>>> print(open('my_file_9.cif').read())   # mmCIF, N, CA and C atoms
data_structure
loop_
_atom_site.label_atom_id
_atom_site.label_comp_id
_atom_site.auth_asym_id
_atom_site.auth_seq_id
_atom_site.Cartn_x
_atom_site.Cartn_y
_atom_site.Cartn_z
N MET E 1462 -11.82 2.78 -30.56
CA MET E 1462 -12.36 3.34 -29.34
C MET E 1462 -11.49 4.53 -28.94
N GLN E 1463 -12.12 5.65 -28.71
CA GLN E 1463 -11.39 6.83 -28.27
C GLN E 1463 -12.09 7.40 -27.04
N LEU E 1464 -11.30 7.67 -26.01
CA LEU E 1464 -11.86 8.21 -24.78
C LEU E 1464 -12.28 9.65 -24.96
N GLN E 1465 -13.29 10.05 -24.22
CA GLN E 1465 -13.67 11.44 -24.19
C GLN E 1465 -12.57 12.23 -23.49
N MET E 1466 -12.43 13.50 -23.85
CA MET E 1466 -11.43 14.35 -23.22
C MET E 1466 -11.68 14.44 -21.71
N THR E 1467 -12.94 14.41 -21.31
CA THR E 1467 -13.28 14.48 -19.88
C THR E 1467 -12.66 13.31 -19.12
N THR E 1468 -12.69 12.13 -19.70
CA THR E 1468 -12.10 10.95 -19.05
C THR E 1468 -10.60 11.09 -18.94
N ASP E 1469 -9.97 11.56 -20.01
CA ASP E 1469 -8.53 11.80 -20.01
C ASP E 1469 -8.16 12.80 -18.91
N TYR E 1470 -8.89 13.91 -18.86
CA TYR E 1470 -8.63 14.92 -17.84
C TYR E 1470 -8.85 14.37 -16.44
N ALA E 1471 -9.90 13.58 -16.27
CA ALA E 1471 -10.19 13.01 -14.95
C ALA E 1471 -9.02 12.15 -14.47
N LEU E 1472 -8.50 11.31 -15.34
CA LEU E 1472 -7.37 10.46 -14.96
C LEU E 1472 -6.14 11.29 -14.62
N ARG E 1473 -5.88 12.32 -15.41
CA ARG E 1473 -4.71 13.17 -15.15
C ARG E 1473 -4.85 13.94 -13.83
N ILE E 1474 -6.04 14.43 -13.56
CA ILE E 1474 -6.29 15.13 -12.30
C ILE E 1474 -6.11 14.17 -11.13
N LEU E 1475 -6.66 12.99 -11.24
CA LEU E 1475 -6.55 12.01 -10.16
C LEU E 1475 -5.10 11.61 -9.91
N VAL E 1476 -4.32 11.43 -10.96
CA VAL E 1476 -2.90 11.10 -10.78
C VAL E 1476 -2.18 12.25 -10.08
N GLU E 1477 -2.50 13.48 -10.46
CA GLU E 1477 -1.89 14.64 -9.80
C GLU E 1477 -2.27 14.69 -8.32
N LEU E 1478 -3.53 14.43 -8.02
CA LEU E 1478 -3.96 14.41 -6.61
C LEU E 1478 -3.24 13.30 -5.85
N ALA E 1479 -3.05 12.17 -6.49
CA ALA E 1479 -2.33 11.06 -5.86
C ALA E 1479 -0.88 11.46 -5.58
N GLU E 1480 -0.30 12.18 -6.52
CA GLU E 1480 1.09 12.60 -6.34
C GLU E 1480 1.23 13.64 -5.24
N GLN E 1481 0.33 14.58 -5.20
CA GLN E 1481 0.43 15.68 -4.23
C GLN E 1481 0.08 15.26 -2.81
N GLN E 1482 -0.82 14.31 -2.65
CA GLN E 1482 -1.23 13.81 -1.33
C GLN E 1482 -1.69 14.92 -0.38
N ARG E 1483 -2.39 15.90 -0.94
CA ARG E 1483 -2.90 17.03 -0.15
C ARG E 1483 -4.04 17.67 -0.92
N VAL E 1484 -4.68 18.65 -0.31
CA VAL E 1484 -5.72 19.41 -1.00
C VAL E 1484 -5.04 20.27 -2.08
N VAL E 1485 -5.54 20.17 -3.30
CA VAL E 1485 -4.98 20.93 -4.42
C VAL E 1485 -6.10 21.76 -5.03
N SER E 1486 -5.87 23.05 -5.17
CA SER E 1486 -6.89 23.95 -5.72
C SER E 1486 -7.09 23.70 -7.21
N SER E 1487 -8.24 24.10 -7.70
CA SER E 1487 -8.51 23.95 -9.14
C SER E 1487 -7.55 24.81 -9.95
N THR E 1488 -7.18 25.97 -9.42
CA THR E 1488 -6.22 26.84 -10.11
C THR E 1488 -4.87 26.15 -10.25
N GLU E 1489 -4.41 25.54 -9.16
CA GLU E 1489 -3.13 24.83 -9.21
C GLU E 1489 -3.20 23.64 -10.17
N LEU E 1490 -4.29 22.91 -10.13
CA LEU E 1490 -4.45 21.78 -11.06
C LEU E 1490 -4.43 22.27 -12.50
N SER E 1491 -5.12 23.37 -12.76
CA SER E 1491 -5.16 23.94 -14.10
C SER E 1491 -3.76 24.30 -14.58
N GLN E 1492 -2.99 24.92 -13.71
CA GLN E 1492 -1.63 25.32 -14.08
C GLN E 1492 -0.70 24.12 -14.24
N ARG E 1493 -0.73 23.23 -13.28
CA ARG E 1493 0.17 22.06 -13.31
C ARG E 1493 -0.09 21.16 -14.51
N LEU E 1494 -1.37 21.01 -14.87
CA LEU E 1494 -1.75 20.07 -15.91
C LEU E 1494 -2.04 20.73 -17.25
N ASP E 1495 -1.90 22.06 -17.29
CA ASP E 1495 -2.14 22.82 -18.51
C ASP E 1495 -3.53 22.52 -19.08
N MET E 1496 -4.53 22.65 -18.19
CA MET E 1496 -5.93 22.43 -18.55
C MET E 1496 -6.69 23.73 -18.31
N PRO E 1497 -7.71 23.99 -19.11
CA PRO E 1497 -8.54 25.17 -18.85
C PRO E 1497 -9.18 25.08 -17.45
N ALA E 1498 -9.12 26.18 -16.71
CA ALA E 1498 -9.64 26.21 -15.33
C ALA E 1498 -11.11 25.80 -15.28
N LYS E 1499 -11.88 26.26 -16.25
CA LYS E 1499 -13.31 25.93 -16.29
C LYS E 1499 -13.51 24.42 -16.40
N TYR E 1500 -12.68 23.78 -17.21
CA TYR E 1500 -12.78 22.33 -17.40
C TYR E 1500 -12.38 21.59 -16.13
N VAL E 1501 -11.36 22.08 -15.43
CA VAL E 1501 -10.95 21.45 -14.17
C VAL E 1501 -12.12 21.46 -13.18
N LEU E 1502 -12.83 22.58 -13.12
CA LEU E 1502 -13.98 22.67 -12.21
C LEU E 1502 -15.08 21.68 -12.60
N GLN E 1503 -15.35 21.57 -13.90
CA GLN E 1503 -16.39 20.64 -14.37
C GLN E 1503 -16.01 19.20 -14.05
N VAL E 1504 -14.78 18.84 -14.36
CA VAL E 1504 -14.32 17.48 -14.10
C VAL E 1504 -14.25 17.23 -12.60
N GLY E 1505 -13.81 18.23 -11.85
CA GLY E 1505 -13.74 18.12 -10.39
C GLY E 1505 -15.09 17.81 -9.76
N ARG E 1506 -16.14 18.46 -10.28
CA ARG E 1506 -17.48 18.18 -9.77
C ARG E 1506 -17.86 16.72 -10.00
N LYS E 1507 -17.53 16.24 -11.19
CA LYS E 1507 -17.83 14.84 -11.51
C LYS E 1507 -17.00 13.89 -10.65
N LEU E 1508 -15.74 14.24 -10.42
CA LEU E 1508 -14.90 13.40 -9.55
C LEU E 1508 -15.51 13.29 -8.17
N LYS E 1509 -16.07 14.40 -7.69
CA LYS E 1509 -16.75 14.38 -6.39
C LYS E 1509 -18.03 13.54 -6.47
N ASP E 1510 -18.82 13.77 -7.50
CA ASP E 1510 -20.08 13.02 -7.67
C ASP E 1510 -19.84 11.52 -7.75
N TYR E 1511 -18.77 11.13 -8.44
CA TYR E 1511 -18.44 9.71 -8.60
C TYR E 1511 -17.62 9.17 -7.43
N GLN E 1512 -17.39 10.00 -6.43
CA GLN E 1512 -16.71 9.63 -5.18
C GLN E 1512 -15.25 9.21 -5.37
N PHE E 1513 -14.59 9.85 -6.34
CA PHE E 1513 -13.15 9.66 -6.50
C PHE E 1513 -12.38 10.72 -5.73
N ALA E 1514 -13.02 11.86 -5.50
CA ALA E 1514 -12.36 12.97 -4.79
C ALA E 1514 -13.35 13.62 -3.84
N HIS E 1515 -12.79 14.25 -2.82
CA HIS E 1515 -13.56 15.10 -1.92
C HIS E 1515 -13.21 16.54 -2.24
N THR E 1516 -14.16 17.43 -1.97
CA THR E 1516 -13.86 18.85 -2.12
C THR E 1516 -13.74 19.47 -0.74
N VAL E 1517 -12.87 20.45 -0.66
CA VAL E 1517 -12.67 21.20 0.57
C VAL E 1517 -12.96 22.66 0.24
N SER E 1518 -13.85 23.28 1.01
CA SER E 1518 -14.23 24.67 0.76
C SER E 1518 -13.26 25.63 1.44
N GLY E 1519 -13.35 26.87 1.01
CA GLY E 1519 -12.57 27.92 1.66
C GLY E 1519 -11.36 28.36 0.86
N SER E 1520 -10.63 29.30 1.43
CA SER E 1520 -9.48 29.88 0.73
C SER E 1520 -8.37 28.87 0.47
N LYS E 1521 -8.30 27.84 1.29
CA LYS E 1521 -7.30 26.79 1.08
C LYS E 1521 -7.97 25.51 0.56
N GLY E 1522 -9.10 25.71 -0.09
CA GLY E 1522 -9.88 24.59 -0.58
C GLY E 1522 -9.40 24.03 -1.90
N GLY E 1523 -10.05 22.97 -2.30
CA GLY E 1523 -9.71 22.31 -3.55
C GLY E 1523 -10.17 20.87 -3.52
N TYR E 1524 -9.35 20.00 -4.09
CA TYR E 1524 -9.69 18.59 -4.22
C TYR E 1524 -8.63 17.73 -3.56
N ILE E 1525 -9.10 16.60 -3.03
CA ILE E 1525 -8.21 15.60 -2.45
C ILE E 1525 -8.82 14.23 -2.76
N LEU E 1526 -7.97 13.24 -2.94
CA LEU E 1526 -8.49 11.90 -3.24
C LEU E 1526 -9.43 11.41 -2.14
N ALA E 1527 -10.48 10.73 -2.54
CA ALA E 1527 -11.44 10.17 -1.59
C ALA E 1527 -11.01 8.79 -1.11
N ARG E 1528 -10.13 8.15 -1.88
CA ARG E 1528 -9.64 6.81 -1.53
C ARG E 1528 -8.14 6.74 -1.78
N ALA E 1529 -7.54 5.71 -1.30
CA ALA E 1529 -6.11 5.51 -1.54
C ALA E 1529 -5.87 5.30 -3.04
N PRO E 1530 -4.72 5.76 -3.55
CA PRO E 1530 -4.43 5.61 -4.98
C PRO E 1530 -4.50 4.17 -5.48
N GLU E 1531 -4.15 3.22 -4.63
CA GLU E 1531 -4.19 1.82 -5.06
C GLU E 1531 -5.62 1.26 -5.09
N ASP E 1532 -6.57 2.02 -4.60
CA ASP E 1532 -7.97 1.57 -4.59
C ASP E 1532 -8.81 2.17 -5.72
N ILE E 1533 -8.19 2.97 -6.57
CA ILE E 1533 -8.91 3.56 -7.71
C ILE E 1533 -8.27 3.04 -8.99
N THR E 1534 -9.04 2.26 -9.74
CA THR E 1534 -8.50 1.69 -10.98
C THR E 1534 -8.87 2.57 -12.18
N VAL E 1535 -8.08 2.43 -13.22
CA VAL E 1535 -8.39 3.12 -14.47
C VAL E 1535 -9.75 2.66 -14.98
N TYR E 1536 -10.04 1.38 -14.80
CA TYR E 1536 -11.34 0.84 -15.21
C TYR E 1536 -12.48 1.57 -14.50
N ASP E 1537 -12.35 1.77 -13.18
CA ASP E 1537 -13.39 2.46 -12.41
C ASP E 1537 -13.67 3.85 -12.99
N VAL E 1538 -12.60 4.57 -13.27
CA VAL E 1538 -12.73 5.94 -13.79
C VAL E 1538 -13.36 5.92 -15.18
N MET E 1539 -12.90 5.01 -16.01
CA MET E 1539 -13.46 4.93 -17.36
C MET E 1539 -14.94 4.56 -17.33
N GLU E 1540 -15.31 3.61 -16.50
CA GLU E 1540 -16.72 3.22 -16.39
C GLU E 1540 -17.57 4.41 -15.96
N ALA E 1541 -17.07 5.16 -14.98
CA ALA E 1541 -17.83 6.30 -14.47
C ALA E 1541 -17.98 7.40 -15.53
N PHE E 1542 -16.90 7.75 -16.18
CA PHE E 1542 -16.91 8.88 -17.10
C PHE E 1542 -17.39 8.51 -18.51
N GLU E 1543 -17.13 7.31 -18.94
CA GLU E 1543 -17.54 6.90 -20.29
C GLU E 1543 -18.93 6.27 -20.30
N GLY E 1544 -19.34 5.72 -19.17
CA GLY E 1544 -20.62 5.01 -19.14
C GLY E 1544 -20.46 3.55 -19.51
N THR E 1545 -19.44 3.25 -20.29
CA THR E 1545 -19.14 1.87 -20.68
C THR E 1545 -17.68 1.80 -21.11
N THR E 1546 -17.13 0.62 -21.00
CA THR E 1546 -15.78 0.40 -21.53
C THR E 1546 -15.83 -0.59 -22.69
N LYS E 1547 -17.02 -0.92 -23.12
CA LYS E 1547 -17.18 -1.90 -24.20
C LYS E 1547 -16.68 -1.32 -25.52
N ILE E 1548 -15.96 -2.14 -26.28
CA ILE E 1548 -15.39 -1.67 -27.54
C ILE E 1548 -16.40 -1.71 -28.69
N ASN E 1549 -17.49 -2.42 -28.50
CA ASN E 1549 -18.54 -2.48 -29.52
C ASN E 1549 -19.88 -2.71 -28.82
N ARG E 1550 -20.91 -2.16 -29.41
CA ARG E 1550 -22.22 -2.26 -28.77
C ARG E 1550 -22.74 -3.68 -28.69
N CYS E 1551 -22.25 -4.57 -29.55
CA CYS E 1551 -22.73 -5.97 -29.49
C CYS E 1551 -22.28 -6.64 -28.19
N LEU E 1552 -21.32 -6.04 -27.49
CA LEU E 1552 -20.87 -6.60 -26.22
C LEU E 1552 -21.70 -6.10 -25.04
N GLU E 1553 -22.50 -5.08 -25.27
CA GLU E 1553 -23.34 -4.52 -24.20
C GLU E 1553 -24.44 -5.51 -23.81
N HIS E 1554 -25.27 -5.84 -24.75
CA HIS E 1554 -26.40 -6.76 -24.54
C HIS E 1554 -26.62 -7.51 -25.84
N SER E 1555 -27.06 -8.74 -25.75
CA SER E 1555 -27.22 -9.54 -26.97
C SER E 1555 -28.23 -8.94 -27.93
N GLU E 1556 -29.19 -8.16 -27.44
CA GLU E 1556 -30.18 -7.58 -28.36
C GLU E 1556 -29.59 -6.50 -29.26
N TYR E 1557 -28.35 -6.06 -28.96
CA TYR E 1557 -27.71 -5.07 -29.83
C TYR E 1557 -27.12 -5.69 -31.08
N CYS E 1558 -27.06 -6.99 -31.13
CA CYS E 1558 -26.54 -7.67 -32.32
C CYS E 1558 -27.65 -7.69 -33.37
N GLY E 1559 -27.42 -6.99 -34.45
CA GLY E 1559 -28.42 -6.92 -35.52
C GLY E 1559 -28.68 -8.27 -36.16
N ARG E 1560 -27.74 -9.18 -36.01
CA ARG E 1560 -27.88 -10.51 -36.62
C ARG E 1560 -28.38 -11.54 -35.62
N SER E 1561 -28.50 -11.17 -34.37
CA SER E 1561 -28.87 -12.12 -33.31
C SER E 1561 -27.98 -13.35 -33.37
N ALA E 1562 -26.69 -13.09 -33.56
CA ALA E 1562 -25.76 -14.20 -33.79
C ALA E 1562 -24.56 -14.13 -32.86
N THR E 1563 -24.76 -13.66 -31.65
CA THR E 1563 -23.61 -13.48 -30.75
C THR E 1563 -22.88 -14.77 -30.45
N THR E 1564 -23.55 -15.90 -30.54
CA THR E 1564 -22.87 -17.17 -30.24
C THR E 1564 -22.15 -17.75 -31.45
N SER E 1565 -22.52 -17.33 -32.66
CA SER E 1565 -21.91 -17.91 -33.85
C SER E 1565 -21.10 -16.91 -34.68
N CYS E 1566 -21.00 -15.68 -34.25
CA CYS E 1566 -20.34 -14.63 -35.02
C CYS E 1566 -18.85 -14.56 -34.68
N ALA E 1567 -17.99 -14.73 -35.67
CA ALA E 1567 -16.54 -14.69 -35.46
C ALA E 1567 -16.08 -13.30 -35.01
N VAL E 1568 -16.71 -12.25 -35.53
CA VAL E 1568 -16.34 -10.89 -35.14
C VAL E 1568 -16.69 -10.67 -33.68
N HIS E 1569 -17.86 -11.11 -33.28
CA HIS E 1569 -18.26 -10.98 -31.87
C HIS E 1569 -17.29 -11.74 -30.97
N SER E 1570 -16.90 -12.92 -31.38
CA SER E 1570 -15.96 -13.72 -30.61
C SER E 1570 -14.63 -12.99 -30.44
N LEU E 1571 -14.13 -12.40 -31.52
CA LEU E 1571 -12.88 -11.62 -31.45
C LEU E 1571 -13.04 -10.44 -30.50
N PHE E 1572 -14.14 -9.71 -30.65
CA PHE E 1572 -14.38 -8.55 -29.78
C PHE E 1572 -14.45 -8.96 -28.31
N CYS E 1573 -15.03 -10.11 -28.03
CA CYS E 1573 -15.09 -10.62 -26.65
C CYS E 1573 -13.69 -10.85 -26.09
N GLU E 1574 -12.82 -11.44 -26.90
CA GLU E 1574 -11.44 -11.68 -26.46
C GLU E 1574 -10.70 -10.37 -26.20
N VAL E 1575 -10.83 -9.43 -27.13
CA VAL E 1575 -10.18 -8.13 -26.98
C VAL E 1575 -10.73 -7.41 -25.75
N GLN E 1576 -12.04 -7.45 -25.58
CA GLN E 1576 -12.68 -6.80 -24.44
C GLN E 1576 -12.17 -7.38 -23.13
N HIS E 1577 -12.06 -8.69 -23.07
CA HIS E 1577 -11.58 -9.36 -21.86
C HIS E 1577 -10.16 -8.91 -21.52
N SER E 1578 -9.29 -8.88 -22.51
CA SER E 1578 -7.90 -8.45 -22.30
C SER E 1578 -7.84 -6.99 -21.86
N LEU E 1579 -8.65 -6.15 -22.49
CA LEU E 1579 -8.68 -4.73 -22.14
C LEU E 1579 -9.13 -4.54 -20.69
N GLU E 1580 -10.19 -5.23 -20.30
CA GLU E 1580 -10.70 -5.10 -18.93
C GLU E 1580 -9.68 -5.57 -17.90
N ILE E 1581 -8.99 -6.66 -18.19
CA ILE E 1581 -7.96 -7.14 -17.26
C ILE E 1581 -6.90 -6.07 -17.07
N LYS E 1582 -6.44 -5.46 -18.17
CA LYS E 1582 -5.41 -4.43 -18.09
C LYS E 1582 -5.91 -3.20 -17.34
N LEU E 1583 -7.08 -2.71 -17.68
CA LEU E 1583 -7.62 -1.50 -17.05
C LEU E 1583 -7.90 -1.71 -15.56
N LYS E 1584 -8.30 -2.91 -15.19
CA LYS E 1584 -8.55 -3.21 -13.78
C LYS E 1584 -7.26 -3.39 -13.00
N SER E 1585 -6.18 -3.71 -13.68
CA SER E 1585 -4.89 -3.89 -12.99
C SER E 1585 -4.13 -2.58 -12.81
N GLU E 1586 -4.51 -1.56 -13.56
CA GLU E 1586 -3.85 -0.26 -13.46
C GLU E 1586 -4.61 0.62 -12.48
N THR E 1587 -3.90 1.09 -11.47
CA THR E 1587 -4.48 1.97 -10.46
C THR E 1587 -3.79 3.33 -10.53
N LEU E 1588 -4.30 4.27 -9.76
CA LEU E 1588 -3.61 5.56 -9.68
C LEU E 1588 -2.19 5.37 -9.17
N ALA E 1589 -2.01 4.41 -8.27
CA ALA E 1589 -0.67 4.14 -7.73
C ALA E 1589 0.27 3.63 -8.82
N THR E 1590 -0.22 2.75 -9.69
CA THR E 1590 0.65 2.25 -10.76
C THR E 1590 0.93 3.33 -11.80
N LEU E 1591 -0.05 4.19 -12.06
CA LEU E 1591 0.18 5.31 -12.98
C LEU E 1591 1.20 6.28 -12.41
N LEU E 1592 1.10 6.53 -11.12
CA LEU E 1592 2.05 7.41 -10.44
C LEU E 1592 3.46 6.82 -10.53
N ALA E 1593 3.58 5.53 -10.34
CA ALA E 1593 4.88 4.86 -10.45
C ALA E 1593 5.43 4.97 -11.87
N ARG E 1594 4.57 4.88 -12.87
CA ARG E 1594 5.00 5.06 -14.26
C ARG E 1594 5.56 6.46 -14.47
N ASN E 1595 4.87 7.46 -13.92
CA ASN E 1595 5.34 8.85 -14.02
C ASN E 1595 6.72 9.00 -13.42
N LYS E 1596 6.91 8.41 -12.26
CA LYS E 1596 8.19 8.53 -11.56
C LYS E 1596 9.31 7.85 -12.33
N ARG E 1597 9.03 6.72 -12.96
CA ARG E 1597 10.04 6.04 -13.77
C ARG E 1597 10.43 6.88 -14.97
N ARG E 1598 9.47 7.58 -15.54
CA ARG E 1598 9.75 8.38 -16.74
C ARG E 1598 10.48 9.67 -16.43
N THR E 1599 10.20 10.24 -15.27
CA THR E 1599 10.83 11.52 -14.93
C THR E 1599 12.06 11.33 -14.07
N GLY E 1600 12.25 10.12 -13.62
CA GLY E 1600 13.30 9.76 -12.92
C GLY E 1600 14.15 9.70 -11.94
#
>>> encode(input="my_file_9.cif", output="structure tokens")
Amino acid sequence: MQLQMTTDYALRILVELAEQQRVVSSTELSQRLDMPAKYVLQVGRKLKDYQFAHTVSGSKGGYILARAPEDITVYDVMEAFEGTTKINRCLEHSEYCGRSATTSCAVHSLFCEVQHSLEIKLKSETLATLLARNKRRTG
């Protein structure tokens, strides 16, 4: 499973907004995060659409978190941007199993366990915990 670049950028932008705790322009985000300005604008629109960020218009405009950092999980962001966090399509709906064997398939059983562990981890990580990780690393 590999995340789309948009999801990666969304998480990085949100962590930066959590750290700054103020309105941050797309230009500043682009510079701070070394992302193309055009991409910051595209991701920013989606962050607004998915209600992770608010936009502020005007010369001092930009983006600000829509919720507290501890209220936005990595899982929430991944679900919004990826459409699914499932590691295999057989976990989406039972009709996706070509063998119709979701109850007897050892591979399906393994994927269910991995999926469960992944979801627990992603739901436990918030922007606040990611911000704390950044601070521990930079020191």
>>> residues_around(input="my_file_9.cif", residues="range 1524-1529 of chain E", least_positions_apart="4", cutoff="5 Å", atoms="all atoms listed in the file", output="mmCIF file with N, CA and C atoms, in the coordinates of the input")
data_model
loop_
_atom_site.group_PDB
_atom_site.id
_atom_site.type_symbol
_atom_site.label_atom_id
_atom_site.label_comp_id
_atom_site.auth_asym_id
_atom_site.auth_seq_id
_atom_site.Cartn_x
_atom_site.Cartn_y
_atom_site.Cartn_z
ATOM 1 N N ARG E 1483 -2.390 15.900 -0.940
ATOM 2 C CA ARG E 1483 -2.900 17.030 -0.150
ATOM 3 C C ARG E 1483 -4.040 17.670 -0.920
ATOM 4 N N VAL E 1484 -4.680 18.650 -0.310
ATOM 5 C CA VAL E 1484 -5.720 19.410 -1.000
ATOM 6 C C VAL E 1484 -5.040 20.270 -2.080
ATOM 7 N N VAL E 1485 -5.540 20.170 -3.300
ATOM 8 C CA VAL E 1485 -4.980 20.930 -4.420
ATOM 9 C C VAL E 1485 -6.100 21.760 -5.030
ATOM 10 N N SER E 1486 -5.870 23.050 -5.170
ATOM 11 C CA SER E 1486 -6.890 23.950 -5.720
ATOM 12 C C SER E 1486 -7.090 23.700 -7.210
ATOM 13 N N PHE E 1513 -14.590 9.850 -6.340
ATOM 14 C CA PHE E 1513 -13.150 9.660 -6.500
ATOM 15 C C PHE E 1513 -12.380 10.720 -5.730
ATOM 16 N N ALA E 1514 -13.020 11.860 -5.500
ATOM 17 C CA ALA E 1514 -12.360 12.970 -4.790
ATOM 18 C C ALA E 1514 -13.350 13.620 -3.840
ATOM 19 N N HIS E 1515 -12.790 14.250 -2.820
ATOM 20 C CA HIS E 1515 -13.560 15.100 -1.920
ATOM 21 C C HIS E 1515 -13.210 16.540 -2.240
ATOM 22 N N THR E 1516 -14.160 17.430 -1.970
ATOM 23 C CA THR E 1516 -13.860 18.850 -2.120
ATOM 24 C C THR E 1516 -13.740 19.470 -0.740
ATOM 25 N N VAL E 1517 -12.870 20.450 -0.660
ATOM 26 C CA VAL E 1517 -12.670 21.200 0.570
ATOM 27 C C VAL E 1517 -12.960 22.660 0.240
ATOM 28 N N ILE E 1533 -8.190 2.970 -6.570
ATOM 29 C CA ILE E 1533 -8.910 3.560 -7.710
ATOM 30 C C ILE E 1533 -8.270 3.040 -8.990
#
>>> atom_distance(input="my_file_9.cif", atom1="CA of Leu1464 in chain E", atom2="atom C of Gly1522 in chain E")
27.9 Å
>>> select_by_dssp(input="my_file_9.cif", residues="chain E", states="helix (DSSP H, G or I)", output="VMD selection string")
chain E and resid 1466 to 1481 1487 to 1494 1498 to 1510 1530 to 1532 1535 to 1543 1550 to 1552 1555 to 1557 1567 to 1585 1588 to 1599
>>> closest_residue(input="my_file_9.cif", among="E:Glu1574, E:Glu1540, E:Asp1495, E:Asp1532", to="Tyr1470 in chain E", atoms="only C-alpha atoms")
E:Asp1495
>>> select_by_dssp(input="my_file_9.cif", residues="chain E", states="strand (DSSP E or B)", output="list of chain:residue names")
E:Val1485, E:Ala1514, E:His1515, E:Thr1516, E:Val1517, E:Gly1523, E:Tyr1524, E:Ile1525, E:Leu1526, E:Thr1534, E:Thr1587
